[in-house]
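Novice: One structure, pasted below without further comment.
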Amino acid sequence: MRDPSFRRSFTLFRAFLREQDDPRTAYRLLARDAADQVERHMGLSGRVVVDIGGGRGYFTREFRRRGAHSYLFEPDPAELAAEPGAGTVVADGYLLPLADGTADVCFSSNVLEHVSDPRTFLSEMVRVTRPGGLIYVSFTNWLSPWGGHEWAPWHYFGAERARARYERRTGRPAKHRLGENLFAVGVGTTLRHVRGRGDVEIVSARSRYWPVVPQLVPLVPGLREFATWNLLLILRRCS
């Protein structure tokens, strides 16, 4: 699917809406799209790809399908597949058991909003990436319509109120709680931090799913916090 295009955006959005009922289809599609994004800037064949927080391994498997040596680092064993397979390591993204400059690509999809210290998390991604390598980071910003995850968009009326409403309506506990495993990460603060770093340069900063002018939306203060939906950063490690 051409990117950006309305067809691509519609297909991804439709898969997102069915993610709870059919996660396999949704994440396979998202993994293919993410690998396409990386391949616009670096070929994957023979590359070392580190997938941080990749859960059941959909992204790891897609990178391997394209010829990469891909390894999954997941801090929560409950998120792994029943049979995780070779190349899977239970490890914290703040302190990866990897030497400096190990990876050609360090990859993280929809993890940053789940860590309490995004700057340290990003620094660790940069550390394990070789000079000239790529860092791929995407996250759902808090003020987007999906920022509250399963209890969105009611998070606009308060996180605790939204979570309680979800639990009353579904009869089951919410997976996320603000300040514990979900954090209010913003587009502007993240962009300012990345631009201020001396060890990376921005290759692409865009709305991950927008079908038109995806690079423009994150540039507009205020609007970007609501309209970006999901910020995608592709960074290059400086020498």
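Chain labels run A, B, ... following the order of the structure tokens; each chain numbers its residues from 1, and ligands are numbered from 1 in the order shown.
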Can you pull out the residues contacting stretch 49-57 of chain A? Cut-off 9 Å, using only C-alpha atoms, and skip same-chain residues under 3 positions away; I want them as a ChimeraX atom specification.
Specialist: /A:44,60-64,68-82,84,88,91-93,102-111,125,128-129
Novice: Looking only at the backbone, which of the residues in stretch 36-176 of chain A does DSSP tag as strand (DSSP E or B), as a PyMOL selection string?
Specialist: chain A and resi 48-52+69-74+88-90+103-109+129-140
Novice: If you run DSSP over the backbone, which residues in stretch 44-236 of chain A end up alpha helix (DSSP H)? Put them as an MDAnalysis selection string.
Specialist: chainID A and resid 58:65 118:127 159:170 187:196 223:227
Novice: Skip A:Glu160 itself and residues of its chain fewer than 3 positions away, then list as a ChimeraX atom specification all residues within 12 Å of it, counting only C-alpha atoms.
Specialist: /A:148,151-152,154-157,163-167,174,176-179
Novice: Excluding A:Leu17 and any residue of its chain fewer than 4 positions from it, enumerate the residues within 12 Å of it, using only C-alpha atoms, and give them as a PDB file with N, CA and C atoms, in the first residue's frame.
Specialist:
```
ATOM      1  N   PHE A  10      -7.018   3.791   5.827  1.00  0.00           N
ATOM      2  CA  PHE A  10      -8.293   3.140   6.103  1.00  0.00           C
ATOM      3  C   PHE A  10      -8.082   1.685   6.498  1.00  0.00           C
ATOM      4  N   THR A  11      -7.174   0.998   5.805  1.00  0.00           N
ATOM      5  CA  THR A  11      -6.905  -0.408   6.101  1.00  0.00           C
ATOM      6  C   THR A  11      -6.329  -0.572   7.502  1.00  0.00           C
ATOM      7  N   LEU A  12      -5.384   0.282   7.864  1.00  0.00           N
ATOM      8  CA  LEU A  12      -4.784   0.208   9.191  1.00  0.00           C
ATOM      9  C   LEU A  12      -5.798   0.562  10.279  1.00  0.00           C
ATOM     10  N   PHE A  13      -6.626   1.573  10.021  1.00  0.00           N
ATOM     11  CA  PHE A  13      -7.612   1.982  11.019  1.00  0.00           C
ATOM     12  C   PHE A  13      -8.656   0.890  11.227  1.00  0.00           C
ATOM     13  N   ASP A  21     -10.514  -8.244  18.855  1.00  0.00           N
ATOM     14  CA  ASP A  21     -11.126  -9.491  18.381  1.00  0.00           C
ATOM     15  C   ASP A  21     -10.202 -10.300  17.490  1.00  0.00           C
ATOM     16  N   ASP A  22      -9.338  -9.612  16.747  1.00  0.00           N
ATOM     17  CA  ASP A  22      -8.464 -10.300  15.793  1.00  0.00           C
ATOM     18  C   ASP A  22      -7.066  -9.686  15.840  1.00  0.00           C
ATOM     19  N   PRO A  23      -6.344  -9.859  16.965  1.00  0.00           N
ATOM     20  CA  PRO A  23      -5.031  -9.226  17.084  1.00  0.00           C
ATOM     21  C   PRO A  23      -4.015  -9.746  16.075  1.00  0.00           C
ATOM     22  N   THR A  25      -4.358 -10.579  12.867  1.00  0.00           N
ATOM     23  CA  THR A  25      -4.456  -9.845  11.603  1.00  0.00           C
ATOM     24  C   THR A  25      -3.983  -8.414  11.771  1.00  0.00           C
ATOM     25  N   ALA A  26      -4.410  -7.759  12.858  1.00  0.00           N
ATOM     26  CA  ALA A  26      -4.067  -6.358  13.075  1.00  0.00           C
ATOM     27  C   ALA A  26      -2.560  -6.173  13.198  1.00  0.00           C
ATOM     28  N   TYR A  27      -1.906  -7.002  13.988  1.00  0.00           N
ATOM     29  CA  TYR A  27      -0.485  -6.794  14.226  1.00  0.00           C
ATOM     30  C   TYR A  27       0.388  -7.278  13.075  1.00  0.00           C
ATOM     31  N   TRP A 146      -6.974   8.450  21.087  1.00  0.00           N
ATOM     32  CA  TRP A 146      -6.701   7.086  21.546  1.00  0.00           C
ATOM     33  C   TRP A 146      -5.739   7.072  22.722  1.00  0.00           C
ATOM     34  N   HIS A 149      -6.063   4.630  25.595  1.00  0.00           N
ATOM     35  CA  HIS A 149      -6.094   3.221  25.223  1.00  0.00           C
ATOM     36  C   HIS A 149      -7.504   2.635  25.388  1.00  0.00           C
ATOM     37  N   GLU A 150      -7.680   1.583  26.169  1.00  0.00           N
ATOM     38  CA  GLU A 150      -8.986   0.914  26.174  1.00  0.00           C
ATOM     39  C   GLU A 150     -10.090   1.798  26.749  1.00  0.00           C
TER      40      GLU A 150
END
```
Novice: Rank A:Gly188, A:Gly101, A:Pro145, A:Gly158 by their smallest atom-to-atom distance to A:Gly132, using only C-alpha atoms, and report the top residue only.
Specialist: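 Using only C-alpha atoms, A:Gly132 sits closest to A:Gly101.
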Novice: Which residues, written as a list in words, have at least one atom at most 12 Å from A:Thr189, with only C-alpha atoms counted and residues fewer than 3 positions away on the same chain left out?
Specialist: Pro118, Arg119, Asn141, Trp142, Ala184, Val185, Gly186, Arg192, His193, Val194, Arg195, Gly196, Pro218, Pro221, Gly222, Arg224, Glu225 and Leu231 of chain A
Novice: Could those residues be written to a file, using all heavy atoms, as a tab-separated table (two decimals), in the first residue's frame?
Specialist:
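This is the output file selection_15.tsv:
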```tsv
chain	number	residue	atom	x	y	z
A	118	PRO	N	10.73	8.25	29.56
A	118	PRO	CA	10.97	8.12	28.12
A	118	PRO	C	12.38	8.53	27.69
A	118	PRO	O	12.94	7.94	26.77
A	118	PRO	CB	9.92	9.05	27.50
A	118	PRO	CG	8.86	9.18	28.53
A	118	PRO	CD	9.57	9.12	29.84
A	119	ARG	N	12.97	9.51	28.36
A	119	ARG	CA	14.30	9.97	27.95
A	119	ARG	C	15.36	8.89	28.17
A	119	ARG	O	16.23	8.68	27.32
A	119	ARG	CB	14.66	11.25	28.71
A	119	ARG	CG	13.76	12.42	28.35
A	119	ARG	CD	14.24	13.71	28.98
A	119	ARG	NE	13.40	14.83	28.56
A	119	ARG	CZ	13.73	16.10	28.71
A	119	ARG	NH1	14.88	16.43	29.29
A	119	ARG	NH2	12.91	17.07	28.31
A	141	ASN	N	0.26	9.47	21.56
A	141	ASN	CA	0.34	10.63	22.45
A	141	ASN	C	-0.92	10.75	23.29
A	141	ASN	O	-2.03	10.44	22.86
A	141	ASN	CB	0.61	11.90	21.65
A	141	ASN	CG	-0.25	12.03	20.40
A	141	ASN	OD1	-0.14	11.19	19.51
A	141	ASN	ND2	-1.07	13.06	20.34
A	142	TRP	N	-0.74	11.22	24.52
A	142	TRP	CA	-1.79	11.21	25.53
A	142	TRP	C	-3.04	11.97	25.11
A	142	TRP	O	-4.16	11.52	25.35
A	142	TRP	CB	-1.24	11.77	26.84
A	142	TRP	CG	-2.27	11.99	27.90
A	142	TRP	CD1	-2.67	13.18	28.43
A	142	TRP	CD2	-3.05	10.98	28.56
A	142	TRP	NE1	-3.64	13.00	29.39
A	142	TRP	CE2	-3.90	11.64	29.48
A	142	TRP	CE3	-3.12	9.59	28.47
A	142	TRP	CZ2	-4.78	10.97	30.30
A	142	TRP	CZ3	-4.01	8.92	29.30
A	142	TRP	CH2	-4.83	9.59	30.19
A	184	ALA	N	1.47	10.08	30.33
A	184	ALA	CA	1.00	11.16	29.44
A	184	ALA	C	2.16	11.72	28.64
A	184	ALA	O	2.70	12.80	28.94
A	184	ALA	CB	0.32	12.24	30.27
A	185	VAL	N	2.56	11.02	27.60
A	185	VAL	CA	3.67	11.45	26.76
A	185	VAL	C	3.13	12.37	25.66
A	185	VAL	O	2.13	12.06	25.02
A	185	VAL	CB	4.38	10.23	26.13
A	185	VAL	CG1	5.59	10.68	25.30
A	185	VAL	CG2	4.82	9.26	27.21
A	186	GLY	N	3.80	13.50	25.46
A	186	GLY	CA	3.35	14.48	24.48
A	186	GLY	C	4.22	14.53	23.24
A	186	GLY	O	5.39	14.12	23.26
A	192	ARG	N	11.07	18.16	21.16
A	192	ARG	CA	12.08	19.08	21.69
A	192	ARG	C	13.26	18.31	22.29
A	192	ARG	O	14.42	18.70	22.12
A	192	ARG	CB	11.46	20.00	22.75
A	192	ARG	CG	10.60	21.11	22.15
A	192	ARG	CD	10.21	22.14	23.19
A	192	ARG	NE	9.31	21.60	24.21
A	192	ARG	CZ	8.00	21.58	24.11
A	192	ARG	NH1	7.40	22.04	23.01
A	192	ARG	NH2	7.25	21.09	25.09
A	193	HIS	N	12.95	17.22	22.98
A	193	HIS	CA	14.03	16.41	23.55
A	193	HIS	C	14.92	15.83	22.46
A	193	HIS	O	16.16	15.90	22.54
A	193	HIS	CB	13.45	15.29	24.40
A	193	HIS	CG	14.46	14.27	24.80
A	193	HIS	ND1	15.50	14.54	25.66
A	193	HIS	CD2	14.61	12.96	24.42
A	193	HIS	CE1	16.26	13.46	25.81
A	193	HIS	NE2	15.73	12.49	25.08
A	194	VAL	N	14.31	15.26	21.43
A	194	VAL	CA	15.08	14.61	20.36
A	194	VAL	C	15.91	15.64	19.60
A	194	VAL	O	17.09	15.41	19.28
A	194	VAL	CB	14.14	13.85	19.43
A	194	VAL	CG1	14.88	13.38	18.19
A	194	VAL	CG2	13.51	12.66	20.15
A	195	ARG	N	15.32	16.80	19.31
A	195	ARG	CA	16.05	17.84	18.59
A	195	ARG	C	17.22	18.38	19.40
A	195	ARG	O	18.21	18.85	18.83
A	195	ARG	CB	15.11	18.98	18.23
A	195	ARG	CG	14.12	18.64	17.12
A	195	ARG	CD	13.05	19.71	16.99
A	195	ARG	NE	12.08	19.38	15.96
A	195	ARG	CZ	10.82	19.81	15.94
A	195	ARG	NH1	10.38	20.60	16.94
A	195	ARG	NH2	10.01	19.47	14.97
A	196	GLY	N	17.12	18.31	20.72
A	196	GLY	CA	18.18	18.81	21.57
A	196	GLY	C	19.31	17.83	21.81
A	196	GLY	O	20.33	18.20	22.40
A	218	PRO	N	2.73	17.23	12.98
A	218	PRO	CA	3.54	17.34	14.20
A	218	PRO	C	4.26	18.68	14.35
A	218	PRO	O	4.86	18.94	15.40
A	218	PRO	CB	4.55	16.20	14.06
A	218	PRO	CG	3.93	15.23	13.12
A	218	PRO	CD	3.18	16.10	12.15
A	221	PRO	N	2.18	23.50	16.87
A	221	PRO	CA	1.98	23.42	18.33
A	221	PRO	C	0.50	23.45	18.70
A	221	PRO	O	-0.30	24.12	18.06
A	221	PRO	CB	2.71	24.66	18.85
A	221	PRO	CG	3.73	24.97	17.79
A	221	PRO	CD	3.07	24.60	16.49
A	222	GLY	N	0.14	22.72	19.72
A	222	GLY	CA	-1.24	22.65	20.16
A	222	GLY	C	-2.02	21.62	19.36
A	222	GLY	O	-2.39	20.57	19.88
A	224	ARG	N	-0.99	19.54	17.19
A	224	ARG	CA	-0.31	18.25	17.07
A	224	ARG	C	-0.60	17.32	18.24
A	224	ARG	O	-0.57	16.09	18.09
A	224	ARG	CB	1.19	18.46	16.93
A	224	ARG	CG	1.86	19.11	18.14
A	224	ARG	CD	3.27	19.51	17.82
A	224	ARG	NE	3.92	20.25	18.90
A	224	ARG	CZ	5.06	20.92	18.73
A	224	ARG	NH1	5.65	20.93	17.56
A	224	ARG	NH2	5.59	21.57	19.74
A	225	GLU	N	-0.87	17.88	19.41
A	225	GLU	CA	-1.12	17.04	20.57
A	225	GLU	C	-2.43	16.25	20.43
A	225	GLU	O	-2.58	15.17	20.99
A	225	GLU	CB	-1.15	17.88	21.84
A	225	GLU	CG	0.12	18.67	22.10
A	225	GLU	CD	1.36	17.81	22.25
A	225	GLU	OE1	1.23	16.61	22.60
A	225	GLU	OE2	2.47	18.33	22.02
A	231	LEU	N	2.74	9.38	16.96
A	231	LEU	CA	3.93	10.00	16.39
A	231	LEU	C	4.95	8.94	16.02
A	231	LEU	O	5.26	8.06	16.83
A	231	LEU	CB	4.55	10.97	17.41
A	231	LEU	CG	5.81	11.71	16.91
A	231	LEU	CD1	5.45	12.68	15.79
A	231	LEU	CD2	6.51	12.43	18.05
```
Novice: For A:Arg127, which of A:Ala227, A:Ala99, A:Val115, A:Met42 is the closest residue, counting only C-alpha atoms?
Specialist: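 Closest candidate: A:Ala99.
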Novice: Just the number, please: distance in Å from atom CA of A:Leu98 to atom CA of A:Gly67, one decimal.
Specialist: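 Answer for the atom CA of A:Leu98 to atom CA of A:Gly67 separation: 21.0 Å.
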Novice: Please report the interatomic distance between atom CA of A:Phe121 and atom CA of A:Tyr94 in Å with one decimal.
Specialist: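 We find that atom CA of A:Phe121 and atom CA of A:Tyr94 lie 5.2 Å from each other.
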Novice: What does the distance between atom CA of A:Leu29 and atom CA of A:Leu95 come to in Å, to one decimal place?
Specialist: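 About the pair atom CA of A:Leu29 and atom CA of A:Leu95: they are 29.4 Å apart.
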Novice: Write out as a count of residues only each polymer residue whose atoms come within 10 Å of A:Asn181, counting only C-alpha atoms; drop sequence neighbours fewer than 6 positions from it.
Specialist: 5
Novice: Do you know which residues are at most 12 Å from A:Arg66 counting only C-alpha atoms, after dropping those on the same chain fewer than 5 positions away, and could you put them as a compact mmCIF listing (two decimals) with N, CA, C and O atoms, in the first residue's frame?
Specialist:
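Printed below is part.txt as written:
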```
# COMPACT_ATOMS: atom_id res chain seq x y z
N ALA A 31 2.91 -4.76 11.40
CA ALA A 31 4.32 -5.15 11.28
C ALA A 31 4.81 -4.97 9.86
O ALA A 31 5.92 -4.48 9.63
N ARG A 32 4.00 -5.35 8.88
CA ARG A 32 4.40 -5.16 7.48
C ARG A 32 4.56 -3.68 7.17
O ARG A 32 5.51 -3.27 6.48
N ALA A 35 7.79 -2.35 8.84
CA ALA A 35 8.99 -2.79 8.11
C ALA A 35 9.15 -2.02 6.81
O ALA A 35 10.27 -1.68 6.41
N ASP A 36 8.04 -1.71 6.16
CA ASP A 36 8.09 -0.87 4.95
C ASP A 36 8.69 0.50 5.27
O ASP A 36 9.48 1.04 4.49
N VAL A 38 10.81 1.27 7.66
CA VAL A 38 12.25 1.15 7.88
C VAL A 38 12.98 0.99 6.55
O VAL A 38 14.03 1.61 6.32
N GLU A 39 12.43 0.17 5.66
CA GLU A 39 13.10 -0.12 4.39
C GLU A 39 13.16 1.09 3.46
O GLU A 39 13.93 1.07 2.50
N MET A 42 16.66 2.09 4.98
CA MET A 42 17.73 1.11 5.12
C MET A 42 17.22 -0.26 4.73
O MET A 42 16.17 -0.69 5.19
N GLY A 43 17.97 -0.97 3.89
CA GLY A 43 17.62 -2.33 3.56
C GLY A 43 17.75 -3.22 4.79
O GLY A 43 18.61 -3.01 5.64
N LEU A 44 16.89 -4.24 4.88
CA LEU A 44 16.87 -5.08 6.08
C LEU A 44 17.66 -6.37 5.94
O LEU A 44 18.05 -6.97 6.95
N SER A 45 17.93 -6.81 4.75
CA SER A 45 18.62 -8.08 4.57
C SER A 45 20.00 -8.05 5.23
O SER A 45 20.83 -7.18 4.95
N GLY A 46 20.22 -9.00 6.13
CA GLY A 46 21.50 -9.11 6.81
C GLY A 46 21.70 -8.15 7.96
O GLY A 46 22.74 -8.20 8.64
N ARG A 47 20.72 -7.29 8.23
CA ARG A 47 20.86 -6.30 9.30
C ARG A 47 20.49 -6.90 10.66
O ARG A 47 19.69 -7.82 10.74
N VAL A 48 21.06 -6.33 11.70
CA VAL A 48 20.70 -6.71 13.08
C VAL A 48 19.62 -5.74 13.56
O VAL A 48 19.85 -4.53 13.62
N VAL A 49 18.44 -6.29 13.88
CA VAL A 49 17.31 -5.48 14.33
C VAL A 49 16.95 -5.88 15.75
O VAL A 49 16.74 -7.06 16.04
N PHE A 59 6.46 -8.12 15.00
CA PHE A 59 7.44 -7.28 14.31
C PHE A 59 8.74 -8.04 14.10
O PHE A 59 9.34 -7.98 13.02
N THR A 60 9.17 -8.77 15.12
CA THR A 60 10.41 -9.55 15.00
C THR A 60 10.32 -10.53 13.85
O THR A 60 11.25 -10.66 13.04
N ARG A 61 9.20 -11.23 13.75
CA ARG A 61 9.04 -12.21 12.67
C ARG A 61 9.00 -11.55 11.31
O ARG A 61 9.53 -12.10 10.32
```
